[in-house]
Each structure stands twice: as structure tokens, then as C-alpha cells.
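Enquirer: Coordinates in my_file-v7.pdb, PDB, C-alpha atoms and all ligand atoms, are listed below.
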ATOM      1  CA  MET A   1      90.144  84.968 106.707
ATOM      2  CA  THR A   2      91.965  87.739 104.934
ATOM      3  CA  LYS A   3      91.058  87.873 101.276
ATOM      4  CA  ILE A   4      93.868  88.349  98.818
ATOM      5  CA  ILE A   5      92.578  90.597  96.042
ATOM      6  CA  ASP A   6      93.491  89.005  92.710
ATOM      7  CA  GLY A   7      94.443  91.968  90.517
ATOM      8  CA  LYS A   8      95.459  89.708  87.669
ATOM      9  CA  ALA A   9      91.999  88.116  87.426
ATOM     10  CA  PHE A  10      90.303  91.496  87.907
ATOM     11  CA  ALA A  11      92.410  93.000  85.122
ATOM     12  CA  ALA A  12      91.731  90.041  82.793
ATOM     13  CA  ASN A  13      88.000  90.532  83.337
ATOM     14  CA  LEU A  14      88.217  94.273  82.568
ATOM     15  CA  ARG A  15      90.347  93.632  79.474
ATOM     16  CA  ALA A  16      87.768  91.148  78.168
ATOM     17  CA  LYS A  17      84.999  93.750  78.614
ATOM     18  CA  VAL A  18      87.106  96.405  76.878
ATOM     19  CA  LYS A  19      87.769  94.009  74.003
ATOM     20  CA  ASP A  20      84.026  93.380  73.473
ATOM     21  CA  ALA A  21      83.357  97.116  73.626
ATOM     22  CA  ALA A  22      86.201  97.823  71.174
ATOM     23  CA  THR A  23      84.603  95.379  68.718
ATOM     24  CA  ALA A  24      81.264  97.177  69.097
ATOM     25  CA  PHE A  25      83.022 100.543  68.610
ATOM     26  CA  LYS A  26      84.616  99.304  65.401
ATOM     27  CA  ALA A  27      81.230  98.191  64.038
ATOM     28  CA  LYS A  28      79.782 101.666  64.687
ATOM     29  CA  ALA A  29      82.735 103.928  63.916
ATOM     30  CA  GLY A  30      84.254 101.921  61.058
ATOM     31  CA  ARG A  31      87.662 101.795  62.733
ATOM     32  CA  ALA A  32      89.209 100.383  65.914
ATOM     33  CA  PRO A  33      90.146 102.645  68.861
ATOM     34  CA  GLY A  34      93.819 103.650  68.508
ATOM     35  CA  LEU A  35      96.521 104.163  71.140
ATOM     36  CA  ALA A  36      99.824 105.873  70.350
ATOM     37  CA  VAL A  37     102.759 105.323  72.703
ATOM     38  CA  ILE A  38     105.950 107.384  72.491
ATOM     39  CA  LEU A  39     109.194 106.131  73.992
ATOM     40  CA  VAL A  40     112.256 108.364  74.088
ATOM     41  CA  GLY A  41     115.524 106.534  74.723
ATOM     42  CA  GLU A  42     116.408 103.002  75.749
ATOM     43  CA  ASP A  43     115.523 102.792  79.451
ATOM     44  CA  PRO A  44     115.154  99.005  79.944
ATOM     45  CA  ALA A  45     112.144  99.180  82.299
ATOM     46  CA  SER A  46     110.367 101.627  79.972
ATOM     47  CA  GLN A  47     111.057  99.352  76.986
ATOM     48  CA  VAL A  48     109.401  96.455  78.817
ATOM     49  CA  TYR A  49     106.373  98.613  79.732
ATOM     50  CA  VAL A  50     105.968  99.955  76.190
ATOM     51  CA  ARG A  51     106.203  96.465  74.696
ATOM     52  CA  SER A  52     103.560  95.097  77.040
ATOM     53  CA  LYS A  53     101.280  98.103  76.407
ATOM     54  CA  GLY A  54     101.535  97.539  72.627
ATOM     55  CA  LYS A  55     100.777  93.824  72.993
ATOM     56  CA  ALA A  56      97.808  94.444  75.301
ATOM     57  CA  THR A  57      96.436  97.090  72.915
ATOM     58  CA  LEU A  58      96.419  94.632  70.011
ATOM     59  CA  GLU A  59      94.923  91.882  72.202
ATOM     60  CA  ALA A  60      92.080  94.273  73.088
ATOM     61  CA  GLY A  61      91.240  94.646  69.400
ATOM     62  CA  MET A  62      92.670  98.156  69.192
ATOM     63  CA  GLU A  63      95.231  99.756  66.913
ATOM     64  CA  SER A  64      98.675 100.337  68.400
ATOM     65  CA  PHE A  65     100.988 103.072  67.085
ATOM     66  CA  GLU A  66     104.489 102.972  68.546
ATOM     67  CA  HIS A  67     106.933 105.845  68.132
ATOM     68  CA  ARG A  68     110.527 105.635  69.287
ATOM     69  CA  LEU A  69     112.873 108.602  69.477
ATOM     70  CA  ASP A  70     116.610 108.512  70.057
ATOM     71  CA  ALA A  71     117.529 110.123  73.389
ATOM     72  CA  GLU A  72     120.880 111.331  71.976
ATOM     73  CA  THR A  73     119.551 113.146  68.931
ATOM     74  CA  ALA A  74     115.867 113.934  69.565
ATOM     75  CA  THR A  75     114.996 117.361  70.939
ATOM     76  CA  GLN A  76     112.070 118.326  73.110
ATOM     77  CA  ASP A  77     110.717 120.418  70.210
ATOM     78  CA  GLN A  78     110.726 117.322  67.985
ATOM     79  CA  LEU A  79     108.918 115.337  70.664
ATOM     80  CA  ILE A  80     106.284 118.069  71.022
ATOM     81  CA  ALA A  81     105.926 118.224  67.216
ATOM     82  CA  LEU A  82     105.265 114.460  67.193
ATOM     83  CA  VAL A  83     102.635 114.880  69.939
ATOM     84  CA  GLN A  84     100.978 117.608  67.860
ATOM     85  CA  THR A  85     100.914 115.353  64.786
ATOM     86  CA  LEU A  86      99.212 112.647  66.877
ATOM     87  CA  ASN A  87      96.767 115.236  68.303
ATOM     88  CA  ALA A  88      95.647 115.896  64.724
ATOM     89  CA  ASP A  89      95.548 112.219  63.661
ATOM     90  CA  GLU A  90      91.928 111.022  63.492
ATOM     91  CA  LYS A  91      92.946 107.368  63.979
ATOM     92  CA  VAL A  92      94.610 108.146  67.322
ATOM     93  CA  ASP A  93      92.288 108.292  70.358
ATOM     94  CA  GLY A  94      94.911 108.031  73.092
ATOM     95  CA  ILE A  95      98.451 109.412  73.399
ATOM     96  CA  LEU A  96     100.853 108.183  76.059
ATOM     97  CA  VAL A  97     104.371 109.572  76.448
ATOM     98  CA  GLN A  98     106.315 107.041  78.500
ATOM     99  CA  LEU A  99     107.910 108.615  81.572
ATOM    100  CA  PRO A 100     110.538 109.317  82.782
ATOM    101  CA  LEU A 101     111.828 111.376  79.856
ATOM    102  CA  PRO A 102     115.600 111.658  79.374
ATOM    103  CA  LYS A 103     117.483 114.375  81.270
ATOM    104  CA  GLY A 104     117.027 117.796  79.706
ATOM    105  CA  MET A 105     113.420 117.189  78.660
ATOM    106  CA  ASP A 106     110.621 118.739  80.669
ATOM    107  CA  ASP A 107     107.820 116.261  81.450
ATOM    108  CA  LYS A 108     105.380 119.075  82.189
ATOM    109  CA  ALA A 109     105.890 120.869  78.866
ATOM    110  CA  VAL A 110     105.481 117.634  76.914
ATOM    111  CA  ILE A 111     102.346 116.568  78.794
ATOM    112  CA  ALA A 112     100.894 120.060  78.307
ATOM    113  CA  ALA A 113     101.180 119.560  74.533
ATOM    114  CA  ILE A 114      98.859 116.508  74.566
ATOM    115  CA  ASP A 115      95.227 117.161  73.567
ATOM    116  CA  PRO A 116      93.378 116.637  76.921
ATOM    117  CA  ALA A 117      90.741 114.568  75.044
ATOM    118  CA  LYS A 118      93.511 112.095  74.085
ATOM    119  CA  ASP A 119      95.391 112.210  77.427
ATOM    120  CA  VAL A 120      94.741 108.589  78.432
ATOM    121  CA  ASP A 121      97.246 108.874  81.309
ATOM    122  CA  GLY A 122      95.096 111.659  82.800
ATOM    123  CA  PHE A 123      98.238 113.679  83.550
ATOM    124  CA  HIS A 124      97.276 116.927  81.730
ATOM    125  CA  VAL A 125      96.327 119.777  84.096
ATOM    126  CA  VAL A 126      92.938 120.028  82.363
ATOM    127  CA  ASN A 127      92.148 116.429  83.336
ATOM    128  CA  ALA A 128      93.576 116.886  86.865
ATOM    129  CA  GLY A 129      91.382 119.995  87.229
ATOM    130  CA  LYS A 130      88.278 118.279  85.884
ATOM    131  CA  LEU A 131      88.775 115.397  88.312
ATOM    132  CA  ALA A 132      89.173 117.885  91.182
ATOM    133  CA  VAL A 133      85.922 119.740  90.380
ATOM    134  CA  GLY A 134      83.937 116.594  89.523
ATOM    135  CA  GLU A 135      83.698 117.042  85.729
ATOM    136  CA  GLU A 136      84.027 114.235  83.189
ATOM    137  CA  ALA A 137      87.794 113.638  82.912
ATOM    138  CA  LEU A 138      90.327 111.079  81.812
ATOM    139  CA  VAL A 139      91.605 109.720  85.135
ATOM    140  CA  PRO A 140      95.139 108.381  85.861
ATOM    141  CA  CYS A 141      95.179 104.612  85.355
ATOM    142  CA  THR A 142      96.684 103.343  88.611
ATOM    143  CA  PRO A 143      94.371 105.174  91.031
ATOM    144  CA  MET A 144      91.387 104.352  88.797
ATOM    145  CA  GLY A 145      92.335 100.650  89.018
ATOM    146  CA  CYS A 146      92.562 100.947  92.823
ATOM    147  CA  ILE A 147      89.105 102.509  93.129
ATOM    148  CA  MET A 148      87.607  99.776  90.923
ATOM    149  CA  MET A 149      89.058  97.064  93.166
ATOM    150  CA  LEU A 150      87.905  98.879  96.328
ATOM    151  CA  LYS A 151      84.344  99.266  95.031
ATOM    152  CA  ASP A 152      84.283  95.629  93.978
ATOM    153  CA  ARG A 153      85.390  94.580  97.444
ATOM    154  CA  LEU A 154      83.439  97.026  99.611
ATOM    155  CA  GLY A 155      80.508  98.213  97.485
ATOM    156  CA  ASP A 156      79.555 101.675  98.749
ATOM    157  CA  LEU A 157      82.614 103.508 100.122
ATOM    158  CA  SER A 158      80.536 106.326 101.597
ATOM    159  CA  GLY A 159      81.641 107.458 105.063
ATOM    160  CA  LEU A 160      84.691 105.204 105.205
ATOM    161  CA  HIS A 161      87.964 106.748 106.332
ATOM    162  CA  ALA A 162      90.584 106.320 103.601
ATOM    163  CA  VAL A 163      94.246 107.005 104.323
ATOM    164  CA  VAL A 164      96.429 107.599 101.256
ATOM    165  CA  LEU A 165     100.189 107.359 101.744
ATOM    166  CA  GLY A 166     101.974 109.508  99.177
ATOM    167  CA  ARG A 167     101.131 112.784  97.430
ATOM    168  CA  SER A 168     102.374 112.293  93.869
ATOM    169  CA  ASN A 169     100.485 113.820  90.947
ATOM    170  CA  ILE A 170     100.292 110.372  89.334
ATOM    171  CA  VAL A 171      98.882 108.340  92.239
ATOM    172  CA  GLY A 172      98.437 110.001  95.654
ATOM    173  CA  LYS A 173      96.584 113.180  94.659
ATOM    174  CA  PRO A 174      94.204 111.651  92.076
ATOM    175  CA  MET A 175      93.606 108.702  94.431
ATOM    176  CA  ALA A 176      92.489 111.129  97.144
ATOM    177  CA  GLN A 177      90.183 112.916  94.660
ATOM    178  CA  LEU A 178      88.587 109.641  93.562
ATOM    179  CA  LEU A 179      88.020 108.537  97.170
ATOM    180  CA  LEU A 180      86.511 111.941  97.985
ATOM    181  CA  ALA A 181      84.177 111.571  95.001
ATOM    182  CA  GLU A 182      83.059 108.260  96.571
ATOM    183  CA  ASN A 183      82.191 110.162  99.786
ATOM    184  CA  CYS A 184      85.108 108.832 101.822
ATOM    185  CA  THR A 185      86.738 110.861 104.574
ATOM    186  CA  VAL A 186      90.224 111.211 103.130
ATOM    187  CA  THR A 187      93.566 111.742 104.846
ATOM    188  CA  ILE A 188      96.750 112.123 102.794
ATOM    189  CA  VAL A 189      99.929 111.298 104.718
ATOM    190  CA  HIS A 190     103.497 111.776 103.479
ATOM    191  CA  SER A 191     107.149 111.992 104.443
ATOM    192  CA  ARG A 192     106.626 115.024 106.695
ATOM    193  CA  THR A 193     103.572 113.625 108.502
ATOM    194  CA  LYS A 194     103.954 113.256 112.265
ATOM    195  CA  ASP A 195     103.225 109.821 113.768
ATOM    196  CA  LEU A 196     102.523 108.003 110.516
ATOM    197  CA  PRO A 197     101.565 104.698 112.181
ATOM    198  CA  ALA A 198      98.822 106.367 114.263
ATOM    199  CA  MET A 199      97.455 108.169 111.198
ATOM    200  CA  VAL A 200      97.428 105.028 109.050
ATOM    201  CA  ARG A 201      95.754 103.071 111.879
ATOM    202  CA  GLN A 202      92.652 105.261 111.428
ATOM    203  CA  GLY A 203      92.078 103.934 107.919
ATOM    204  CA  ASP A 204      89.196 101.647 106.982
ATOM    205  CA  ILE A 205      90.954 101.836 103.608
ATOM    206  CA  VAL A 206      94.729 102.209 103.273
ATOM    207  CA  VAL A 207      96.326 102.989  99.898
ATOM    208  CA  ALA A 208     100.133 102.924  99.974
ATOM    209  CA  ALA A 209     101.986 104.721  97.146
ATOM    210  CA  VAL A 210     105.312 105.900  98.529
ATOM    211  CA  GLY A 211     107.915 103.729  96.793
ATOM    212  CA  ARG A 212     109.495 102.507 100.045
ATOM    213  CA  PRO A 213     109.825  98.736 100.358
ATOM    214  CA  GLU A 214     107.640  97.265 103.120
ATOM    215  CA  MET A 215     107.430 100.557 104.998
ATOM    216  CA  VAL A 216     103.863  99.999 106.211
ATOM    217  CA  ARG A 217     103.991  97.469 109.058
ATOM    218  CA  GLY A 218     101.289  95.106 110.275
ATOM    219  CA  ASP A 219     100.544  97.065 113.451
ATOM    220  CA  TRP A 220      99.798 100.189 111.339
ATOM    221  CA  ILE A 221      96.720  98.427 109.956
ATOM    222  CA  LYS A 222      93.390  98.664 111.761
ATOM    223  CA  PRO A 223      91.823  95.207 112.114
ATOM    224  CA  GLY A 224      89.448  94.659 109.191
ATOM    225  CA  ALA A 225      90.884  97.423 106.970
ATOM    226  CA  VAL A 226      91.224  96.956 103.198
ATOM    227  CA  VAL A 227      94.805  97.528 102.053
ATOM    228  CA  ILE A 228      95.790  98.508  98.496
ATOM    229  CA  ASP A 229      99.536  98.361  97.857
ATOM    230  CA  VAL A 230     100.636 100.430  94.849
ATOM    231  CA  GLY A 231     104.372 100.019  95.526
ATOM    232  CA  ILE A 232     106.599  98.041  93.159
ATOM    233  CA  ASN A 233     110.084  97.891  94.695
ATOM    234  CA  ARG A 234     112.940  95.679  93.557
ATOM    235  CA  VAL A 235     114.993  94.400  96.518
ATOM    236  CA  PRO A 236     117.679  91.714  97.012
ATOM    237  CA  GLY A 237     116.124  88.230  97.063
ATOM    238  CA  ALA A 238     116.876  85.211  99.240
ATOM    239  CA  GLU A 239     119.348  83.813  96.700
ATOM    240  CA  ALA A 240     122.610  85.679  96.116
ATOM    241  CA  GLY A 241     122.480  87.884  93.021
ATOM    242  CA  LYS A 242     118.708  87.489  92.662
ATOM    243  CA  THR A 243     116.135  90.233  93.224
ATOM    244  CA  LYS A 244     112.449  90.137  94.067
ATOM    245  CA  LEU A 245     109.535  92.557  93.947
ATOM    246  CA  VAL A 246     107.922  93.819  97.134
ATOM    247  CA  GLY A 247     105.291  96.455  97.784
ATOM    248  CA  ASP A 248     105.192  99.422 100.158
ATOM    249  CA  VAL A 249     103.408  97.192 102.693
ATOM    250  CA  ALA A 250     104.921  94.324 104.733
ATOM    251  CA  PHE A 251     102.473  91.842 103.215
ATOM    252  CA  ASP A 252     102.403  88.960 105.732
ATOM    253  CA  GLU A 253     102.161  91.262 108.741
ATOM    254  CA  ALA A 254      99.476  93.462 107.186
ATOM    255  CA  ALA A 255      97.495  90.467 105.910
ATOM    256  CA  ALA A 256      97.173  89.285 109.511
ATOM    257  CA  ASN A 257      95.155  92.433 110.347
ATOM    258  CA  ALA A 258      93.477  93.357 107.053
ATOM    259  CA  SER A 259      90.147  91.988 105.822
ATOM    260  CA  ALA A 260      91.498  92.194 102.249
ATOM    261  CA  ILE A 261      94.839  93.129 100.684
ATOM    262  CA  THR A 262      96.454  93.346  97.237
ATOM    263  CA  PRO A 263      99.659  91.337  96.758
ATOM    264  CA  VAL A 264     102.826  92.497  94.948
ATOM    265  CA  PRO A 265     103.187  91.322  92.247
ATOM    266  CA  GLY A 266      99.689  90.454  91.002
ATOM    267  CA  GLY A 267      97.677  93.206  92.690
ATOM    268  CA  VAL A 268      97.485  96.779  91.425
ATOM    269  CA  GLY A 269     100.140  96.319  88.706
ATOM    270  CA  PRO A 270      98.050  94.381  86.153
ATOM    271  CA  MET A 271      95.178  96.843  86.601
ATOM    272  CA  THR A 272      97.189  99.803  85.298
ATOM    273  CA  ILE A 273      97.389  98.517  81.705
ATOM    274  CA  ALA A 274      93.772  97.299  81.809
ATOM    275  CA  VAL A 275      92.623 100.803  82.800
ATOM    276  CA  LEU A 276      94.841 102.337  80.103
ATOM    277  CA  LEU A 277      92.917 100.269  77.527
ATOM    278  CA  ARG A 278      89.646 101.282  79.182
ATOM    279  CA  ASN A 279      90.670 104.962  79.028
ATOM    280  CA  THR A 280      91.532 104.602  75.342
ATOM    281  CA  LEU A 281      88.097 103.115  74.671
ATOM    282  CA  VAL A 282      86.436 105.908  76.703
ATOM    283  CA  ALA A 283      88.419 108.567  74.780
ATOM    284  CA  ALA A 284      87.466 106.936  71.464
ATOM    285  CA  CYS A 285      83.747 106.872  72.377
ATOM    286  CA  ARG A 286      83.753 110.497  73.576
ATOM    287  CA  ARG A 287      85.554 111.661  70.438
ATOM    288  CA  ALA A 288      83.078 109.746  68.252
ATOM    289  CA  GLY A 289      80.063 111.059  70.210
ATOM    290  CA  LEU A 290      79.140 107.528  71.358
ATOM    291  CA  PRO A 291      78.048 106.656  74.925
ATOM    292  CA  ASP A 292      80.590 105.007  77.252
ATOM    293  CA  PRO A 293      79.815 101.296  76.678
ATOM    294  CA  LEU A 294      81.231 100.199  80.034
ATOM    295  CA  GLY A 295      79.244 102.744  82.048
ATOM    296  CA  LEU A 296      82.281 103.486  84.190
TER     297      LEU A 296
HETATM  298  N1  LIG B   1     106.085 105.308  83.486
HETATM  299  C1  LIG B   1     105.767 104.446  84.476
HETATM  300  N2  LIG B   1     104.429 104.376  84.617
HETATM  301  C2  LIG B   1     103.896 105.202  83.703
HETATM  302  C3  LIG B   1     102.552 105.542  83.352
HETATM  303  O1  LIG B   1     101.557 105.093  83.934
HETATM  304  N3  LIG B   1     102.412 106.420  82.339
HETATM  305  C4  LIG B   1     103.474 106.972  81.694
HETATM  306  N4  LIG B   1     103.242 107.833  80.713
HETATM  307  N5  LIG B   1     104.729 106.673  81.991
HETATM  308  C5  LIG B   1     104.927 105.797  82.991
END
Let me see whether you can do it: turn the structure in this file into C-alpha cells.
Ligand code: GUN
Expert:
Amino acid sequence: MTKIIDGKAFAANLRAKVKDAATAFKAKAGRAPGLAVILVGEDPASQVYVRSKGKATLEAGMESFEHRLDAETATQDQLIALVQTLNADEKVDGILVQLPLPKGMDDKAVIAAIDPAKDVDGFHVVNAGKLAVGEEALVPCTPMGCIMMLKDRLGDLSGLHAVVLGRSNIVGKPMAQLLLAENCTVTIVHSRTKDLPAMVRQGDIVVAAVGRPEMVRGDWIKPGAVVIDVGINRVPGAEAGKTKLVGDVAFDEAAANASAITPVPGGVGPMTIAVLLRNTLVAACRRAGLPDPLGL
């Protein structure tokens, strides 16, 4: 029987642990861990994300600092100045600049301004470099959530062949680094790869992060493989005018071959915010010179 990996339950469990650890941090440090989120503009999807991040932060017993800038009037220099103020703010342990930024602003320049010790997204080149060379880093939330679910499901990943679809800086590349650190044999495949199905069929683990609805078909999946679907794609639903969410994997087909698979929604998605809270706690502990209470 294929097991459907319940990301929602997994995330709820992690959030409960983070909440306990945040309470312990507060008792020792005399303040709660703090997460600052900056949103520039009115992008509806980003507004939803930022609202749910703020709510989850408070529910985890942490302080939430929300900063909103007007896309019409705010300049990149003002945004960077705000980041620098938060870098210097002792109450702020994590800084997240919601992406995408409005046209005309350079994501890279803004991320480069974040203190790497507060970069809870793990997007700063210092954190990407530390991850690559195996030093203590802050690791991007989505791939970190995927590795947690894989280790929970499979235990030791050593020697397994992992195929990662997608080479983004946010998911594909850090995912490959994390799998390599777990002693997997790692293949990254992408839009220019020849014979994608044959490559994916080699995977004991398949992580799909390409943003193409249901691209990975059932016969691409080796029998018994564990499939992690990072895709969140909105497509027309069965009813006229309605939409639905699907992943990068054709779920029913792949589930017929996989030993375990994450659904969309309810798989990787809920883990991203849970890991963001975990990263904020980790950043707070490191900044305060306290050991990581979750041992992650
Ligand atoms: N926009 C969509 N997902 C993310 C994320 O994980 N971090 C940031 N900063 N922006 C995003």
C-alpha cells in the first residue's frame, strides 16, 4: 500500500516542538524569539503568505514584526535601509523579505543586505556557501522540510539514488546539497536534460520542484520510490470558473508505483512555514549562545 505522507500532521508536530522550545528560550533569554517579515506591494498571494506567517509566528510563542512598504513610492535604498535597521535590532532574530519584489527592485541586492545570522530563508550567499561546504548554516525552508519528511519515512538515506527535478536556488540546488550531506547519490535534472523519464526512473527518491502541473507521470517512478512533490500549481478545476491546486507530479499515477508520496495540497506546503519557525528559533539560540534545543 502506498503511504500518503501527511505534511500537515508532520508540520503540526514540528510547530508544537518549536513552541515548547520558544517558551524555554524565553525563560533563559528573557525575551521571545522574533521574526520580522517585510512585504513590498500588494501582491495578493504574497499578502496571504505574509498573513499566515505572522499568525504562525504568534502561535509558536514568538514575536512577529510586520513591515509593509508601498510598491509605488518605496525605493530599493529604503528597503535596504529597513533591512539594516532590523539587522541591528536585538529583538529580531529572523528577517524575511517576501519575494517576488516589485519590478525594478533587485532581489539579490536586497538579500545580500540581510545579516546572514538572521537570514531565516537561507537565501544569502554566505548561507548557500556554508551549506555547500558542510558548515553550520541557515537552510532554505522548503528543502529542509523535504529532507525531514524523507528521513522520517526512510531513516538512513545513505547510498540511495535521489533525483531532483529543478535547479532553482531556492529549492533544487539546496535540496541536492542536503541529500548529498545525507550520503545520497544525487542527480539534478532540468529543462535541458535528455530523456527525463529514464533519468527520473533511476530514483529511489524523487523530488519534483519545476512548477509544471503534473509533469512527472506514473511510469517515470521506479516501483517503491519515495516521491516528494514541491509543486503548487493552480489549474482549471472540474467546475467552470473554479480552480484547483495540483503538484508537479500526476498524483494518482505516481501513487500506484511509489511506496510513499506527498499530496498537493497537504504535503510539502505546510512544512515550509513550520521550518521557517524552526529556523527563527535556531537563529535566536545561536545569537544568544544557547544550544539548538531541537537538535536538528
Ligand atoms: N515567496 C514565496 N515563497 C517564499 C519564501 O519561502 N521566502 C520568501 N522570502 N519569499 C517567498
Enquirer: Go ahead and compute the interatomic distance for atom CA of Ala176 of chain A and atom CA of Ala274 of chain A, in Å to one decimal.
Expert: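 Spanning atom CA of Ala176 of chain A to atom CA of Ala274 of chain A is a straight-line distance of 20.7 Å.
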Enquirer: Residues picked by the PyMOL selection byres (((not hetatm)) within 8 of (chain B and resi 1)) here, as number ranges by chain?
Expert: A: 46, 49, 96-100, 121, 140-142, 170, 272
Enquirer: Name the residues that the PyMOL selection byres (((chain A and resi 57) around 12) and not hetatm) picks from the file above, as a PyMOL selection string, using the file's chain letters and numbers.
Expert: chain A and resi 15-16+18-19+22+32-37+50-56+58-66+94+273-281
Enquirer: Quick check on the file I pasted: which residues fall under the PyMOL selection byres (((chain A and resi 245) around 8) and not hetatm)? Write them as a list in words.
Expert: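 That selection, the PyMOL selection byres (((chain A and resi 245) around 8) and not hetatm), comes back as Ile232, Asn233, Arg234, Val235, Thr243, Lys244, Val246, Gly247, Val264 and Pro265 of chain A.
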Enquirer: Could you dump the residues just selected with C-alpha atoms as a short mmCIF file (atom, residue, chain, number, x, y, z; two decimals), in the coordinates of the input?
Expert:
data_model
loop_
_atom_site.label_atom_id
_atom_site.label_comp_id
_atom_site.auth_asym_id
_atom_site.auth_seq_id
_atom_site.Cartn_x
_atom_site.Cartn_y
_atom_site.Cartn_z
CA ILE A 232 106.60 98.04 93.16
CA ASN A 233 110.08 97.89 94.70
CA ARG A 234 112.94 95.68 93.56
CA VAL A 235 114.99 94.40 96.52
CA THR A 243 116.14 90.23 93.22
CA LYS A 244 112.45 90.14 94.07
CA VAL A 246 107.92 93.82 97.13
CA GLY A 247 105.29 96.46 97.78
CA VAL A 264 102.83 92.50 94.95
CA PRO A 265 103.19 91.32 92.25
#
Enquirer: Tell me which residues come within 7 Å of (102.2, 109.8, 104.4), as a VMD selection string, counting only C-alpha atoms in the file's coordinates.
Expert: chain A and resid 164 to 166 188 to 191 193 196
Enquirer: Which polymer residues have any atom within 8 Å of an atom of Ala283 of chain A, counting all atoms listed in the file, with same-chain residues fewer than 6 positions away left out, as a count of residues only?
Expert: 6
